[in-house]
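With compact mmCIF, C-alpha atoms and all ligand atoms inside, this is start_29.txt:
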```txt
# COMPACT_ATOMS: atom_id res chain seq x y z
CA GLU A 1 0.00 0.00 0.00
CA ARG A 2 2.65 2.47 1.13
CA ILE A 3 4.97 1.61 -1.75
CA ALA A 4 2.08 1.70 -4.19
CA ARG A 5 1.47 5.33 -3.29
CA LYS A 6 5.13 6.18 -3.59
CA HIS A 7 5.13 5.26 -7.27
CA ILE A 8 1.57 6.04 -8.17
CA ASN A 9 2.42 8.60 -10.83
CA CYS A 10 4.45 7.72 -13.83
CA ARG A 11 7.42 9.99 -14.61
CA GLY A 12 6.46 12.97 -16.75
CA ASP A 13 8.87 12.17 -19.57
CA ILE A 14 7.92 8.48 -19.88
CA ASP A 15 6.82 8.75 -23.53
CA MET A 16 10.38 9.62 -24.48
CA LEU A 17 11.22 5.93 -23.87
CA THR A 18 8.95 4.81 -26.69
CA VAL A 19 11.59 5.17 -29.40
CA PRO A 20 14.31 3.11 -27.68
CA LEU A 21 11.79 0.47 -26.57
CA LEU A 22 10.36 0.12 -30.07
CA ARG A 23 13.88 -0.19 -31.42
CA ILE A 24 14.42 -3.16 -29.09
CA TYR A 25 11.07 -4.66 -30.14
CA GLU A 26 12.02 -4.38 -33.82
CA SER A 27 15.42 -5.97 -33.25
CA LEU A 28 13.70 -9.01 -31.74
CA ILE A 29 11.33 -9.70 -34.66
CA PRO A 30 12.54 -12.77 -36.58
CA PRO A 31 13.58 -12.17 -40.20
CA LYS A 32 11.45 -13.70 -42.99
CA GLU A 33 14.02 -16.38 -43.78
CA GLU A 34 13.51 -17.85 -40.34
CA LYS A 35 9.86 -18.64 -41.03
CA GLU A 36 10.90 -20.29 -44.30
CA LYS A 37 13.44 -22.49 -42.52
CA GLN A 38 10.81 -23.53 -40.00
CA MET A 39 8.38 -24.49 -42.77
CA GLN A 40 11.13 -26.42 -44.55
CA LEU A 41 11.79 -28.39 -41.35
CA LEU A 42 8.07 -29.01 -40.85
CA THR A 43 7.74 -30.39 -44.39
CA SER A 44 10.64 -32.80 -43.98
CA LEU A 45 9.33 -33.98 -40.60
CA GLU A 46 5.85 -34.46 -42.01
CA LYS A 47 7.14 -36.73 -44.79
CA LEU A 48 8.84 -38.99 -42.26
CA VAL A 49 5.84 -39.08 -39.97
CA VAL A 50 3.31 -39.87 -42.69
CA SER A 51 5.40 -42.73 -44.03
CA GLU A 52 5.08 -44.41 -40.62
CA TRP A 53 1.60 -43.19 -39.57
CA PRO A 54 -0.39 -42.43 -42.74
CA HIS A 55 -3.23 -40.66 -40.88
CA ALA A 56 -1.03 -38.43 -38.78
CA HIS A 57 -0.24 -34.77 -39.29
CA LEU A 58 1.92 -32.12 -37.66
CA CYS A 59 0.91 -28.72 -36.25
CA LEU A 60 3.09 -25.87 -35.12
CA PHE A 61 2.34 -24.33 -31.74
CA GLY A 62 4.07 -22.12 -29.19
CA SER A 63 6.01 -19.03 -30.12
CA CYS A 64 6.74 -19.99 -33.74
CA ALA A 65 2.97 -19.90 -34.38
CA ASN A 66 1.46 -17.55 -31.77
CA SER A 67 3.24 -14.46 -33.18
CA PHE A 68 5.15 -13.88 -29.94
CA GLY A 69 8.30 -15.59 -31.18
CA VAL A 70 11.60 -13.75 -31.11
CA SER A 71 14.46 -14.65 -33.44
CA ASN A 72 16.08 -18.05 -33.03
CA SER A 73 13.36 -19.56 -30.86
CA ASP A 74 12.93 -23.30 -30.81
CA VAL A 75 10.09 -24.67 -32.88
CA ASP A 76 7.28 -26.45 -31.02
CA VAL A 77 5.60 -29.18 -33.07
CA CYS A 78 2.63 -31.35 -32.17
CA LEU A 79 2.17 -34.76 -33.77
CA VAL A 80 -1.57 -35.34 -34.09
CA LEU A 81 -2.61 -39.00 -34.19
CA ARG A 82 -6.23 -39.97 -34.64
CA ASP A 83 -6.26 -42.72 -32.10
CA ALA A 84 -6.76 -41.25 -28.63
CA ASP A 85 -5.78 -44.47 -26.94
CA ILE A 86 -2.08 -44.62 -27.70
CA ASP A 87 1.07 -45.22 -25.74
CA LYS A 88 2.88 -41.90 -26.17
CA SER A 89 6.22 -43.23 -24.96
CA GLU A 90 6.13 -46.03 -27.46
CA ILE A 91 5.33 -43.65 -30.33
CA LEU A 92 8.04 -41.20 -29.25
CA LEU A 93 10.66 -43.95 -29.12
CA LYS A 94 9.66 -45.16 -32.59
CA LEU A 95 9.78 -41.57 -33.87
CA ALA A 96 13.21 -41.03 -32.30
CA GLU A 97 14.45 -44.07 -34.18
CA ILE A 98 13.07 -42.73 -37.47
CA LEU A 99 14.60 -39.29 -36.87
CA LEU A 100 18.00 -40.76 -36.06
CA SER A 101 18.08 -42.77 -39.25
CA ALA A 102 17.11 -39.60 -41.16
CA ASN A 103 20.25 -37.96 -39.75
CA PHE A 104 18.69 -35.44 -37.39
CA GLN A 105 21.07 -34.30 -34.67
CA ASN A 106 20.79 -34.26 -30.86
CA VAL A 107 17.75 -36.55 -30.91
CA GLN A 108 16.52 -37.09 -27.35
CA ALA A 109 13.27 -38.73 -26.23
CA LEU A 110 12.11 -37.30 -22.88
CA THR A 111 9.38 -39.83 -22.22
CA ARG A 112 9.06 -39.19 -18.46
CA ALA A 113 8.47 -35.43 -18.64
CA ARG A 114 5.07 -33.93 -17.66
CA VAL A 115 4.58 -33.40 -21.39
CA PRO A 116 6.63 -36.16 -23.07
CA ILE A 117 8.64 -34.81 -26.02
CA ILE A 118 11.43 -35.47 -28.47
CA LYS A 119 14.12 -32.85 -28.88
CA LEU A 120 16.08 -32.60 -32.09
CA LYS A 121 18.16 -30.34 -34.26
CA ASP A 122 17.89 -30.15 -38.01
CA PRO A 123 21.38 -30.14 -39.57
CA VAL A 124 20.05 -28.58 -42.80
CA THR A 125 18.40 -25.46 -41.35
CA GLY A 126 20.12 -25.41 -37.94
CA VAL A 127 16.68 -25.13 -36.30
CA SER A 128 16.03 -26.87 -32.96
CA CYS A 129 12.65 -28.40 -32.35
CA ASP A 130 10.52 -30.14 -29.70
CA ILE A 131 7.87 -32.63 -30.79
CA CYS A 132 5.00 -33.69 -28.53
CA ILE A 133 1.97 -35.88 -29.21
CA ASN A 134 -1.73 -34.92 -29.33
CA ASN A 135 -1.26 -31.73 -27.35
CA VAL A 136 -4.23 -30.18 -29.15
CA LEU A 137 -5.02 -27.73 -26.33
CA ALA A 138 -1.64 -26.12 -26.88
CA VAL A 139 -2.47 -25.75 -30.58
CA VAL A 140 -5.76 -24.06 -29.66
CA ASN A 141 -4.25 -21.68 -27.08
CA THR A 142 -1.60 -20.81 -29.66
CA LYS A 143 -4.40 -19.65 -31.96
CA LEU A 144 -6.00 -17.63 -29.15
CA LEU A 145 -2.74 -15.78 -28.51
CA ARG A 146 -2.21 -15.19 -32.23
CA ASP A 147 -5.74 -13.79 -32.50
CA TYR A 148 -5.18 -11.41 -29.59
CA ALA A 149 -1.95 -10.22 -31.20
CA GLN A 150 -3.90 -9.13 -34.32
CA ILE A 151 -6.11 -6.73 -32.41
CA ASP A 152 -3.61 -4.12 -31.23
CA VAL A 153 0.09 -3.96 -32.05
CA ARG A 154 0.80 -2.76 -28.53
CA LEU A 155 0.26 -6.34 -27.33
CA PRO A 156 3.14 -7.86 -29.37
CA GLN A 157 5.27 -4.82 -28.54
CA LEU A 158 4.69 -5.11 -24.80
CA ALA A 159 5.00 -8.92 -24.79
CA PHE A 160 8.27 -8.98 -26.77
CA ILE A 161 9.77 -6.48 -24.36
CA VAL A 162 8.53 -8.40 -21.32
CA LYS A 163 9.79 -11.74 -22.71
CA HIS A 164 13.14 -10.19 -23.53
CA TRP A 165 13.36 -8.74 -20.02
CA ALA A 166 12.39 -12.10 -18.46
CA LYS A 167 15.03 -14.00 -20.45
CA SER A 168 17.71 -11.40 -19.70
CA ARG A 169 16.92 -11.42 -15.99
CA GLY A 170 16.70 -15.22 -15.69
CA VAL A 171 13.04 -15.27 -14.67
CA ASN A 172 11.76 -17.32 -17.65
CA GLU A 173 12.77 -20.74 -16.28
CA THR A 174 9.91 -22.94 -15.10
CA TYR A 175 12.31 -25.58 -13.77
CA GLN A 176 13.69 -22.90 -11.42
CA GLY A 177 10.27 -21.80 -10.27
CA THR A 178 9.85 -18.75 -12.47
CA LEU A 179 7.31 -18.27 -15.25
CA SER A 180 6.95 -19.62 -18.80
CA SER A 181 6.75 -17.34 -21.83
CA TYR A 182 3.16 -18.45 -22.19
CA ALA A 183 2.40 -17.16 -18.68
CA TYR A 184 4.04 -13.79 -19.40
CA VAL A 185 1.99 -13.33 -22.58
CA LEU A 186 -1.21 -14.06 -20.61
CA MET A 187 -0.12 -11.49 -18.01
CA CYS A 188 0.29 -8.93 -20.81
CA ILE A 189 -3.14 -9.71 -22.31
CA HIS A 190 -4.76 -9.40 -18.89
CA PHE A 191 -3.00 -6.09 -18.28
CA LEU A 192 -4.19 -4.63 -21.62
CA GLN A 193 -7.76 -5.86 -21.04
CA HIS A 194 -7.81 -3.81 -17.84
CA ARG A 195 -6.53 -0.46 -19.12
CA ASP A 196 -9.01 2.38 -19.07
CA PRO A 197 -10.23 2.51 -21.81
CA PRO A 198 -9.32 -1.13 -22.53
CA ILE A 199 -6.80 -1.93 -25.27
CA LEU A 200 -7.93 -5.53 -25.67
CA PRO A 201 -11.39 -7.10 -25.41
CA CYS A 202 -12.10 -10.38 -23.71
CA LEU A 203 -12.55 -12.76 -26.67
CA GLN A 204 -14.07 -15.52 -24.56
CA GLU A 205 -16.77 -13.26 -23.15
CA THR A 206 -18.26 -11.77 -26.30
CA LYS A 207 -21.86 -12.73 -27.09
CA ILE A 208 -21.00 -14.20 -30.47
CA VAL A 209 -18.91 -17.36 -30.72
CA THR A 210 -17.22 -17.89 -34.08
CA TYR A 211 -14.70 -20.55 -33.09
CA HIS A 212 -15.74 -23.68 -31.30
CA LYS A 213 -13.90 -26.88 -30.57
CA ILE A 214 -14.05 -29.56 -27.90
CA VAL A 215 -10.60 -30.77 -26.96
CA ASP A 216 -9.95 -33.37 -24.25
CA ASN A 217 -13.52 -32.75 -22.97
CA ILE A 218 -12.81 -29.04 -22.62
CA GLU A 219 -14.98 -26.61 -24.52
CA CYS A 220 -12.86 -24.03 -26.34
CA ALA A 221 -15.09 -21.25 -27.66
CA TYR A 222 -14.52 -17.61 -28.47
CA PHE A 223 -14.94 -14.83 -31.01
CA ASP A 224 -12.11 -15.19 -33.50
CA GLN A 225 -13.07 -12.68 -36.21
CA VAL A 226 -10.42 -10.34 -34.91
CA GLU A 227 -10.15 -8.36 -38.14
CA LYS A 228 -13.43 -6.78 -36.97
CA LEU A 229 -11.79 -5.62 -33.75
CA LYS A 230 -8.87 -3.70 -35.25
CA THR A 231 -10.09 -0.41 -33.79
CA PHE A 232 -11.09 -1.82 -30.42
CA GLY A 233 -8.23 -0.19 -28.54
CA SER A 234 -8.02 3.03 -30.51
CA ARG A 235 -9.71 5.14 -27.83
CA ASN A 236 -6.76 4.39 -25.60
CA LYS A 237 -3.77 6.49 -26.66
CA GLU A 238 -1.16 5.14 -24.24
CA THR A 239 2.29 4.68 -25.69
CA VAL A 240 4.20 1.43 -25.38
CA ALA A 241 6.59 3.11 -22.91
CA ARG A 242 3.72 3.97 -20.60
CA LEU A 243 2.40 0.42 -20.90
CA VAL A 244 5.76 -1.20 -20.16
CA TRP A 245 6.09 1.05 -17.10
CA GLY A 246 2.48 0.26 -16.15
CA PHE A 247 2.99 -3.48 -16.52
CA PHE A 248 5.92 -3.61 -14.12
CA HIS A 249 4.30 -1.12 -11.78
CA TYR A 250 1.19 -3.31 -11.67
CA TRP A 251 3.11 -6.50 -10.87
CA ALA A 252 5.40 -4.73 -8.41
CA TYR A 253 2.91 -2.70 -6.40
CA CYS A 254 -0.71 -3.19 -7.42
CA HIS A 255 -1.48 -6.86 -7.99
CA ASP A 256 -3.23 -8.51 -5.05
CA TYR A 257 -1.15 -11.69 -4.84
CA ALA A 258 -3.04 -12.95 -1.79
CA ASN A 259 -6.52 -12.89 -3.27
CA THR A 260 -6.73 -12.62 -7.03
CA VAL A 261 -6.24 -14.80 -10.06
CA VAL A 262 -5.27 -13.39 -13.44
CA SER A 263 -7.80 -14.70 -15.93
CA VAL A 264 -7.92 -13.54 -19.55
CA ARG A 265 -11.03 -15.70 -19.92
CA THR A 266 -13.15 -13.35 -17.82
CA LYS A 267 -13.46 -9.59 -17.76
CA ASN A 268 -13.19 -9.39 -14.02
CA THR A 269 -10.45 -10.89 -11.96
CA VAL A 270 -11.39 -14.14 -10.33
CA SER A 271 -10.84 -14.69 -6.64
CA LYS A 272 -8.43 -17.35 -5.42
CA ARG A 273 -11.11 -18.46 -2.99
CA ALA A 274 -13.57 -19.16 -5.84
CA LYS A 275 -11.02 -21.47 -7.46
CA ASP A 276 -9.93 -23.02 -4.19
CA TRP A 277 -6.40 -21.87 -4.91
CA THR A 278 -5.84 -20.48 -1.44
CA ARG A 279 -3.75 -23.25 0.02
CA ARG A 280 -0.96 -25.51 -1.00
CA ILE A 281 -2.12 -28.78 -2.53
CA GLY A 282 0.72 -31.17 -3.19
CA LYS A 283 3.36 -29.18 -4.99
CA ASP A 284 0.98 -26.44 -6.14
CA ARG A 285 1.36 -23.41 -3.90
CA HIS A 286 -0.58 -20.82 -5.92
CA LEU A 287 1.62 -17.89 -4.83
CA ILE A 288 0.93 -16.12 -8.12
CA CYS A 289 -2.14 -17.33 -9.96
CA ILE A 290 -2.51 -17.25 -13.74
CA GLU A 291 -5.43 -19.25 -15.05
CA ASP A 292 -5.07 -21.08 -18.35
CA PRO A 293 -7.78 -19.68 -20.67
CA PHE A 294 -9.18 -23.11 -21.57
CA GLU A 295 -7.83 -25.58 -19.05
CA THR A 296 -9.22 -23.46 -16.22
CA SER A 297 -8.12 -25.82 -13.46
CA HIS A 298 -4.53 -25.21 -14.57
CA ASP A 299 -2.59 -22.48 -12.75
CA LEU A 300 0.45 -21.44 -14.76
CA GLY A 301 1.88 -20.05 -11.55
CA ARG A 302 1.95 -23.49 -9.95
CA VAL A 303 5.71 -23.75 -10.58
CA VAL A 304 6.40 -20.72 -8.37
CA ASP A 305 7.62 -21.53 -4.84
CA LYS A 306 8.27 -19.45 -1.75
CA TYR A 307 11.78 -18.65 -2.90
CA SER A 308 11.07 -17.86 -6.54
CA ILE A 309 8.06 -15.66 -5.74
CA LYS A 310 10.48 -13.38 -3.91
CA VAL A 311 12.85 -13.37 -6.89
CA LEU A 312 9.98 -12.53 -9.23
CA ARG A 313 8.56 -9.73 -7.12
CA GLU A 314 11.98 -8.20 -6.59
CA GLU A 315 12.54 -8.28 -10.35
CA PHE A 316 9.19 -6.57 -10.99
CA GLU A 317 10.12 -3.89 -8.46
CA ARG A 318 13.59 -3.50 -9.92
CA ALA A 319 12.14 -3.00 -13.41
CA ALA A 320 9.52 -0.52 -12.18
CA THR A 321 12.12 1.49 -10.26
CA ILE A 322 14.56 1.59 -13.19
CA LEU A 323 11.84 2.73 -15.59
CA GLN A 324 10.72 5.33 -13.09
CA THR A 325 14.07 6.83 -12.16
CA TYR A 326 16.89 6.17 -14.64
CA PRO A 327 17.62 8.79 -17.32
CA ASN A 328 18.37 6.03 -19.89
CA PRO A 329 16.73 2.95 -18.40
CA CYS A 330 16.83 0.56 -21.36
CA GLU A 331 20.30 -0.82 -20.92
CA LYS A 332 19.90 -1.31 -17.19
CA LEU A 333 16.45 -2.85 -17.56
CA PHE A 334 17.72 -5.72 -19.72
CA GLU A 335 21.07 -6.13 -17.97
CA PRO A 336 21.97 -9.84 -17.73
CA PHE A 337 21.48 -11.08 -14.16
P1 LIG A 401 9.46 -19.27 -26.20
O1 LIG A 401 9.76 -20.68 -26.58
O2 LIG A 401 10.08 -18.87 -24.89
O3 LIG A 401 9.70 -18.28 -27.25
O4 LIG A 401 7.88 -19.18 -25.94
P2 LIG A 401 6.66 -20.16 -26.24
O5 LIG A 401 5.48 -19.28 -26.55
O6 LIG A 401 6.98 -21.22 -27.22
O7 LIG A 401 6.32 -20.73 -24.85
P3 LIG A 401 6.68 -22.08 -24.14
O8 LIG A 401 7.83 -22.74 -24.81
O9 LIG A 401 6.71 -21.74 -22.69
O10 LIG A 401 5.35 -22.95 -24.36
C1 LIG A 401 4.98 -23.50 -25.57
C2 LIG A 401 3.47 -23.68 -25.65
O11 LIG A 401 3.02 -24.72 -24.77
C3 LIG A 401 2.68 -22.47 -25.22
O12 LIG A 401 2.55 -21.53 -26.22
C4 LIG A 401 1.34 -23.09 -24.89
O13 LIG A 401 0.61 -23.24 -26.09
C5 LIG A 401 1.67 -24.48 -24.39
N1 LIG A 401 1.42 -24.65 -22.94
C6 LIG A 401 0.27 -25.06 -22.38
N2 LIG A 401 0.35 -25.17 -21.07
C7 LIG A 401 1.56 -24.80 -20.74
C8 LIG A 401 2.24 -24.71 -19.49
O14 LIG A 401 1.74 -24.99 -18.41
N3 LIG A 401 3.50 -24.31 -19.55
C9 LIG A 401 4.10 -23.99 -20.72
N4 LIG A 401 5.36 -23.57 -20.69
N5 LIG A 401 3.49 -24.09 -21.90
C10 LIG A 401 2.22 -24.48 -21.92
MG MG A 402 8.69 -22.50 -27.36
```
So, in terms of structure tokens, how does the structure I just supplied come out?
Ligand code: GTP
Ligand code: MG
Amino acid sequence: ERIARKHINCRGDIDMLTVPLLRIYESLIPPKEEKEKQMQLLTSLEKLVVSEWPHAHLCLFGSCANSFGVSNSDVDVCLVLRDADIDKSEILLKLAEILLSANFQNVQALTRARVPIIKLKDPVTGVSCDICINNVLAVVNTKLLRDYAQIDVRLPQLAFIVKHWAKSRGVNETYQGTLSSYAYVLMCIHFLQHRDPPILPCLQETKIVTYHKIVDNIECAYFDQVEKLKTFGSRNKETVARLVWGFFHYWAYCHDYANTVVSVRTKNTVSKRAKDWTRRIGKDRHLICIEDPFETSHDLGRVVDKYSIKVLREEFERAATILQTYPNPCEKLFEPF
């Protein structure tokens, strides 16, 4: 409360940071050739897969398809098999064998992971890739993120800057208890939905549903005709600098960690009590709560523990303070940890 008041007003010259921040954003956008390499890899993988499983196909998901991918990101691929009742480990081991004999490099089958995958590197394009099986929800949430990105360019701008900051500061490592890129993008969407006037709508709460799919017994429905929403945020004139400052300020001083859940699915924040996310259950501590838009029982903050929550909050405060007080904050903001 006290700290919140201390920083309540943004510095007067904040908009001056728009040019350097946009320069960073532009430097992170992958060049066209990168997309071509990814498609080339996908085509060669698809040939191999179809020769073994004629009814299978491959889908891209994650940052190479959700439009939040920076240069040189790994490619996330989902192998979609018709049969729901399959032994994923068995398939992955067979696929690893096929990939090895096709001369892919660094082929590794991680069959015991929460989401079993194969990792590989393509010697032709130099692209690294993870392949999982029947992770159709990830393909659908990839589309949701891509659709949000079409509505207002300030979303990709803010999210690229936040992802770049998170990677630079070492707080984009789920195995160390910090947050995934996916979680950070959801935090950005939520933040822009709650500006006044809002910059983003809530696509899952519009009256008209234009996209509908049932995946793993979960209903995924929303308004996806985003070309009709291009002017949605135009009443809000905030610059990207103000939004970057606002984002860190929100997570440093304004978010109610004890009681609220970030939910892009709903217009209002959801209470932790309503989701029964108030206490530790098993490994899930719910110290920062970010609801998955479709798999609503899934808290993307579940990886955060009592140590890493402190790291995260100190990093949010550091970023907010640097943006608020430094004459040239950009270098300091992204300083490697
Ligand atoms: P970078 O690889 O860091 O550029 O970002 P990314 O968007 O590919 O994110 P990440 O590798 O963290 O996740 C890949 C995709 O997995 C996401 O875009 C989601 O579609 C999906 N996903 C679904 N649930 C989860 C989850 O709990 N954690 C993560 N990390 N990903 C999830
Ligand atoms: Mg990825």
Sort by chain and increasing residue number a table of all residues of segment 117-162 of chain A within 12 Å of segment 43-49 of chain A, each with its closest pair of atoms and their distance in Å to one decimal, counting all atoms listed in the file, and write it as JSON lines.
```
{"residue": "A:Leu120", "atom": "CA", "partner": "A:Leu45", "partner_atom": "CA", "distance": 10.9}
{"residue": "A:Lys121", "atom": "CA", "partner": "A:Leu45", "partner_atom": "CA", "distance": 11.5}
{"residue": "A:Asp122", "atom": "CA", "partner": "A:Leu45", "partner_atom": "CA", "distance": 9.7}
{"residue": "A:Pro123", "atom": "CA", "partner": "A:Ser44", "partner_atom": "CA", "distance": 11.9}
{"residue": "A:Val124", "atom": "CA", "partner": "A:Ser44", "partner_atom": "CA", "distance": 10.4}
{"residue": "A:Thr125", "atom": "CA", "partner": "A:Ser44", "partner_atom": "CA", "distance": 11.0}
{"residue": "A:Cys129", "atom": "CA", "partner": "A:Leu45", "partner_atom": "CA", "distance": 10.5}
{"residue": "A:Asp130", "atom": "CA", "partner": "A:Leu45", "partner_atom": "CA", "distance": 11.6}
{"residue": "A:Ile131", "atom": "CA", "partner": "A:Leu45", "partner_atom": "CA", "distance": 10.0}
{"residue": "A:Ile133", "atom": "CA", "partner": "A:Val49", "partner_atom": "CA", "distance": 11.9}
```
Which residues sit within 6 Å of ligand MG 402 (chain A), counting only C-alpha atoms and all ligand atoms, listed as a ChimeraX atom specification?
/A:62-63,74,76
Kindly indicate which residue among A:Cys64, A:Leu41, A:Ile91, A:Leu145 lies nearest to Val127 of chain A, using only C-alpha atoms for the distances.
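Closest to Val127 of chain A, using only C-alpha atoms: A:Leu41.
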Just give me the gap between atom CA of Val75 of chain A and atom CA of Lys163 of chain A in Å, one decimal is fine.
16.5 Å
Polymer residues at most 9 Å from Asp305 of chain A, all atoms listed in the file, same-chain spacing of 2 or more positions, as a PyMOL selection string:
chain A and resi 177-178+283-287+301-303+307-310
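When atom CA of Leu17 of chain A is paired with atom CA of Ile161 of chain A, their separation reads 12.5 Å.
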Need to verify the contact set: Leu28 of chain A, 8 Å, only C-alpha atoms, exclusion of same-chain residues closer than 2 positions in sequence. Can you return it as a PyMOL selection string?
chain A and resi 24-26+30+70-71+160
Collect all residues with atoms no farther than 8 Å from ligand LIG 401 (chain A), counting all atoms listed in the file, and output them as a ChimeraX atom specification.
/A:61-64,66,68-70,73-76,137-142,163,172,174,179-183,185,292,298-300
Just to confirm, what's the straight-line distance from atom CA of Val50 of chain A to atom CA of Leu99 of chain A in Å (one decimal)?
12.7 Å
How big is the axis-aligned box, and where does its centre sit, when it encloses all atoms of segment 156-167 of chain A listed in the file and has 5 Å added on every side, reported in Å to one decimal as AutoDock Vina command-line options?
```
--center_x 9.1 --center_y -9.4 --center_z -23.9 --size_x 21.9 --size_y 19.2 --size_z 20.9
```
Counting all atoms listed in the file, find the residues whose atoms lie at most 12 Å from (-6.0, -34.5, -24.6) (file coordinates) and write them out as number ranges by chain.
A: 78, 80-86, 88, 115, 132-140, 214-219, 295
Same residues, C-alpha atoms, output as a CSV table (one decimal), in the frame of the given file:
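File part_39.csv, as written:
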```csv
chain,number,residue,atom,x,y,z
A,78,CYS,CA,2.6,-31.4,-32.2
A,80,VAL,CA,-1.6,-35.3,-34.1
A,81,LEU,CA,-2.6,-39.0,-34.2
A,82,ARG,CA,-6.2,-40.0,-34.6
A,83,ASP,CA,-6.3,-42.7,-32.1
A,84,ALA,CA,-6.8,-41.2,-28.6
A,85,ASP,CA,-5.8,-44.5,-26.9
A,86,ILE,CA,-2.1,-44.6,-27.7
A,88,LYS,CA,2.9,-41.9,-26.2
A,115,VAL,CA,4.6,-33.4,-21.4
A,132,CYS,CA,5.0,-33.7,-28.5
A,133,ILE,CA,2.0,-35.9,-29.2
A,134,ASN,CA,-1.7,-34.9,-29.3
A,135,ASN,CA,-1.3,-31.7,-27.4
A,136,VAL,CA,-4.2,-30.2,-29.2
A,137,LEU,CA,-5.0,-27.7,-26.3
A,138,ALA,CA,-1.6,-26.1,-26.9
A,139,VAL,CA,-2.5,-25.8,-30.6
A,140,VAL,CA,-5.8,-24.1,-29.7
A,214,ILE,CA,-14.0,-29.6,-27.9
A,215,VAL,CA,-10.6,-30.8,-27.0
A,216,ASP,CA,-10.0,-33.4,-24.2
A,217,ASN,CA,-13.5,-32.8,-23.0
A,218,ILE,CA,-12.8,-29.0,-22.6
A,219,GLU,CA,-15.0,-26.6,-24.5
A,295,GLU,CA,-7.8,-25.6,-19.0
```
Neighbour list for Thr18 of chain A as an MDAnalysis selection string, cut-off 9 Å, all atoms listed in the file, skip fewer than 4 positions in-chain:
chainID A and resid 14 22:23 239:242
Calculated over all atoms listed in the file, which of the candidates A:Ser67, A:Asn328, A:Gln204, A:Ser89 has the smallest distance to Ala113 of chain A?
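Residue with the minimum atom-to-atom distance to Ala113 of chain A: A:Ser89.
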Could you check which of A:His249, A:Lys213, A:Lys332, A:His194 is closest to Thr269 of chain A, using all atoms listed in the file?
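Among the listed residues, the smallest separation from Thr269 of chain A belongs to A:His194.
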Need the shell around Asp147 of chain A: protein/DNA/RNA residues with any atom at most 12 Å away, counting all atoms listed in the file. Skip same-chain ones fewer than 6 positions apart. Format as a ChimeraX atom specification?
/A:65-68,140-141,153,155-156,189,200-204,211,222-230
